[in-house]
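S.K.: Can you keep this structure in mind? I'll have questions shortly.
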There are 2 protein chains.
Amino acid sequence: MKCVRCKAKPEVYLRAHNAAFCRGCYLEYFRRQVERAVRRQRMLAPTDRVLVAVSGGKDSLALWDVLAGLGYDTTGLYLAQGIGEYSGRSRQLVEAFAAARGFALQVVDFADEDGGMTVPDVAALTRRSPCAACGTLKRHYFDRAARDGGFDVLATGHNLDDEAARLLGNVLHWQRDHLARQRPVLEPNHPAFVRKVKPLYLLSEYETATYAFLRGIEYVVEECPNAAGATQLLYKDVLGRLEAASPGTKAGFVREFFRTGQPAFAAETTPATGTCERCGMPSFGEVCSHCALVGEIARKRTEPRRAVAP
Amino acid sequence: MKCVRCKAKPEVYLRAHNAAFCRGCYLEYFRRQVERAVRRQRMLAPTDRVLVAVSGGKDSLALWDVLAGLGYDTTGLYLAQGIGEYSGRSRQLVEAFAAARGFALQVVDFADEDGGMTVPDVAALTRRSPCAACGTLKRHYFDRAARDGGFDVLATGHNLDDEAARLLGNVLHWQRDHLARQRPVLEPNHPAFVRKVKPLYLLSEYETATYAFLRGIEYVVEECPNAAGATQLLYKDVLGRLEAASPGTKAGFVREFFRTGQPAFAAETTPATGTCERCGMPSFGEVCSHCALVGEIARKRTEPRRAVAP
């Protein structure tokens, strides 16, 4: 087998495409795939100011690397969630990545927000699962940073495996509203929102890991410790088995959904969105879920301590 | 844990329902589930003449047992497909089952049809996969027997696992027309067709096997030898893993599809169906796929033998 582009000795084999690439041609292939997704889905205009959400993992760092390489005006956004060593290490890697390339980076430290909002604290105080707490907080700080910084777009590193797992979950429960909203590009439905895009949505975890490796990008390999046993990982595992038996299954599942399946759900009405009276971000009620959480925590912190069940 | 109905010592535990049953109450539960599906989906009228497709497996024999027990006018239909020992054994079991209960049974022997149409012969002559050949033949002989016998309904033993696996396949490829047509009740769209119903569509493989076992029904345990490695088995396996992690997943997937998901695809137009000029059964072209297959085989049998590639 030879590199499909230049016939040189190959270093990467993609089973889903039945194609091999040498190092240089693989990097080129990966960039072209990102470019194509951006163009076909009209994700970015050339003058857009792009905020790239970076976690320190392979996907978001690969995305930032490619978008900056394609000449987009990018700024990284890292959320320091306070999840022990995992957060410490990922922040270090993100800061080193940005510094080495002279990229602009913003950091939001959850410990400094609203009197201290790290994920473990919020989870413990409110008896939410860490993932539920993290989801509410992440969405809020992403959206706020995009609005306050005057960005046009928020780009995230969701890859094909993420999208396929989310789609499988939505399909197993036939959540029509979720099926209607799962898109590679989400146009803002409120003045405080910016466009949200996922340029890697058709590139697999394996492809982004290979890109990051060949580009010498140092990234956090571990999953977030809270994610262990999460349903999403089970879905990925199951999709991995289907992919192994029939390469291309994941890409077909996601691509055909957007082409053929989703139009069936497109007529769904999305509920009108109001504005949170505290933070001005979109909200279904008078107060958004983030500000409700902040209020709940403030109350809990001033309450007299109660005996905790053993 | 006690029987949920009579508090006796339980013999069966259903994880998806988190419920235990004694032997008698389990059989009662199973019959009620079938009755409820029949009533809610308007599958059968009390005076309907029902043709039950029986393979010799647990599902179809359990179905026949329950429908006859509920007082329906049933006749069994067994297709002798000529798949070696598997067919021999399953025919024997079906005939013994019917004889012991005094049930009416029809047998269609593929070896006697159209100059000999056993699945291995057809597969070898036409280079179709055995499963593709079998599918075309089965559909034809089922429909023909229902029409010629003046039956009102054809009932098949498809269970929850069958329906969930089929649904997963349809969803992975987003086949909108298949999604629109996958139903527990299929009303005839041609005068030569009868209604087709699947009264076990919400009962799992485990539940039907347990019913058959507790009723002392002897059935073929082996899968059809041609099915080994079939995609359907992989889908069942994957769904089994999801079910193990979250009991009730399969039933939710199928039930919510019919309730919430399928209406999104219901507007799909089904192509108008014509009539086969040879056999009078429904057909998309001038000749139905069965008669086209019969013609192909007749030609191949009269052709001079050609050297076969090694």
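Residue numbering restarts at 1 in every chain; chains get A, B, ... in the order shown in the structure tokens, and ligands count up from 1 in that same order.
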For chain B, work out the contacting residues on chain A at 8 Å, counting only C-alpha atoms, and write them as an NGL selection string.
M.R.: :A and (171-176 or 234-235 or 238 or 241-242 or 249 or 252-253 or 256-257 or 260-261 or 264-265)
S.K.: Pick out the residues sitting within 7 Å of region 74-76 of chain B, and hand them over as a ChimeraX atom specification; count only C-alpha atoms, and ignore anything fewer than 2 positions along from it in its own chain.
M.R.: /B:49-54,68,72,78,103-106
S.K.: Excluding region 29-45 of chain A and any residue of its chain fewer than 3 positions from it, enumerate the residues within 10 Å of it, using only C-alpha atoms, and give them as number ranges by chain.
M.R.: A: 5, 21, 23-26, 48-50, 62-63, 65-67, 69-70, 72, 152-155, 183-187, 195-203, 207-208, 210-211
S.K.: In Å, how far is it from CA of Ala146 (chain A) to CA of Arg128 (chain A)?
M.R.: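 Separation between CA of Ala146 (chain A) and CA of Arg128 (chain A): 26.3 Å.
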S.K.: Between CA of Val4 (chain A) and CA of Ala20 (chain A), what is the distance, to one decimal in Å?
M.R.: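 Going from CA of Val4 (chain A) over to CA of Ala20 (chain A), I get 5.9 Å.
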S.K.: For the structure I just gave you, how does DSSP split region 63-186 of chain A - specifically, which residues are alpha helix (DSSP H)? Reply as a PyMOL selection string.
M.R.: chain A and resi 63-69+84-101+119-126+130-148+160-172+176-181
S.K.: With only C-alpha atoms as the atoms that count, which of B:Pro247, B:Val294, B:Asp143, B:Cys224 lies nearest to Cys131 (chain B)?
M.R.: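 Of B:Pro247, B:Val294, B:Asp143, B:Cys224, the one nearest Cys131 (chain B), counting only C-alpha atoms, is B:Cys224.
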S.K.: Residues at most 10 Å from region 282-287 of chain A, counting only C-alpha atoms, excluding those fewer than 4 positions away in the same chain, as a ChimeraX atom specification?
M.R.: /A:140,143,189-193,271-278,291-293,295
S.K.: Keeping only N, CA and C atoms, write those residues as a compact mmCIF listing (two decimals), in the first residue's frame.
M.R.:
```txt
# COMPACT_ATOMS: atom_id res chain seq x y z
N HIS A 140 -22.56 28.46 30.05
CA HIS A 140 -22.67 29.87 30.44
C HIS A 140 -21.37 30.63 30.16
N ASP A 143 -20.60 31.07 26.42
CA ASP A 143 -21.47 32.06 25.78
C ASP A 143 -21.10 33.47 26.24
N ASN A 189 -30.13 32.12 18.23
CA ASN A 189 -31.57 32.42 18.28
C ASN A 189 -31.86 33.48 19.36
N HIS A 190 -30.80 34.24 19.73
CA HIS A 190 -30.93 35.28 20.76
C HIS A 190 -29.78 36.26 20.52
N PRO A 191 -30.01 37.56 20.74
CA PRO A 191 -28.95 38.54 20.44
C PRO A 191 -27.67 38.33 21.26
N ALA A 192 -27.78 37.67 22.43
CA ALA A 192 -26.57 37.47 23.25
C ALA A 192 -25.76 36.25 22.81
N PHE A 193 -26.32 35.47 21.90
CA PHE A 193 -25.61 34.27 21.42
C PHE A 193 -24.80 34.60 20.16
N PRO A 271 -38.77 26.39 21.36
CA PRO A 271 -39.47 27.33 22.24
C PRO A 271 -38.83 28.71 22.16
N ALA A 272 -39.64 29.74 22.22
CA ALA A 272 -39.13 31.10 22.20
C ALA A 272 -38.20 31.29 23.39
N THR A 273 -37.08 31.98 23.20
CA THR A 273 -36.12 32.15 24.26
C THR A 273 -36.22 33.56 24.83
N GLY A 274 -36.30 33.64 26.16
CA GLY A 274 -36.32 34.94 26.82
C GLY A 274 -34.91 35.34 27.25
N THR A 275 -34.82 36.32 28.14
CA THR A 275 -33.53 36.83 28.58
C THR A 275 -33.46 36.78 30.10
N CYS A 276 -32.34 36.27 30.61
CA CYS A 276 -32.16 36.18 32.06
C CYS A 276 -32.08 37.59 32.66
N GLU A 277 -32.84 37.83 33.71
CA GLU A 277 -32.87 39.19 34.25
C GLU A 277 -31.62 39.51 35.08
N ARG A 278 -30.83 38.49 35.39
CA ARG A 278 -29.59 38.76 36.14
C ARG A 278 -28.39 38.97 35.22
N CYS A 291 -27.60 31.24 36.55
CA CYS A 291 -27.85 32.18 37.65
C CYS A 291 -28.69 31.52 38.75
N ALA A 292 -29.56 30.60 38.37
CA ALA A 292 -30.31 29.85 39.38
C ALA A 292 -29.34 29.04 40.24
N LEU A 293 -28.33 28.47 39.57
CA LEU A 293 -27.32 27.67 40.27
C LEU A 293 -26.50 28.55 41.21
N GLY A 295 -27.45 31.30 42.61
CA GLY A 295 -28.33 31.64 43.73
C GLY A 295 -28.44 30.51 44.73
```
S.K.: Would you mind writing down, as number ranges by chain, each residue of region 133-299 of chain A that DSSP on the backbone assigns to strand (DSSP E)?
M.R.: A: 153-155, 185-186, 195-197, 274-275, 282-283
S.K.: Could you check which of B:Leu77, B:Leu61, B:Ala19, B:Ile297 is closest to Arg144 (chain B), using only C-alpha atoms?
M.R.: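 Smallest distance to Arg144 (chain B) is found for B:Leu77.
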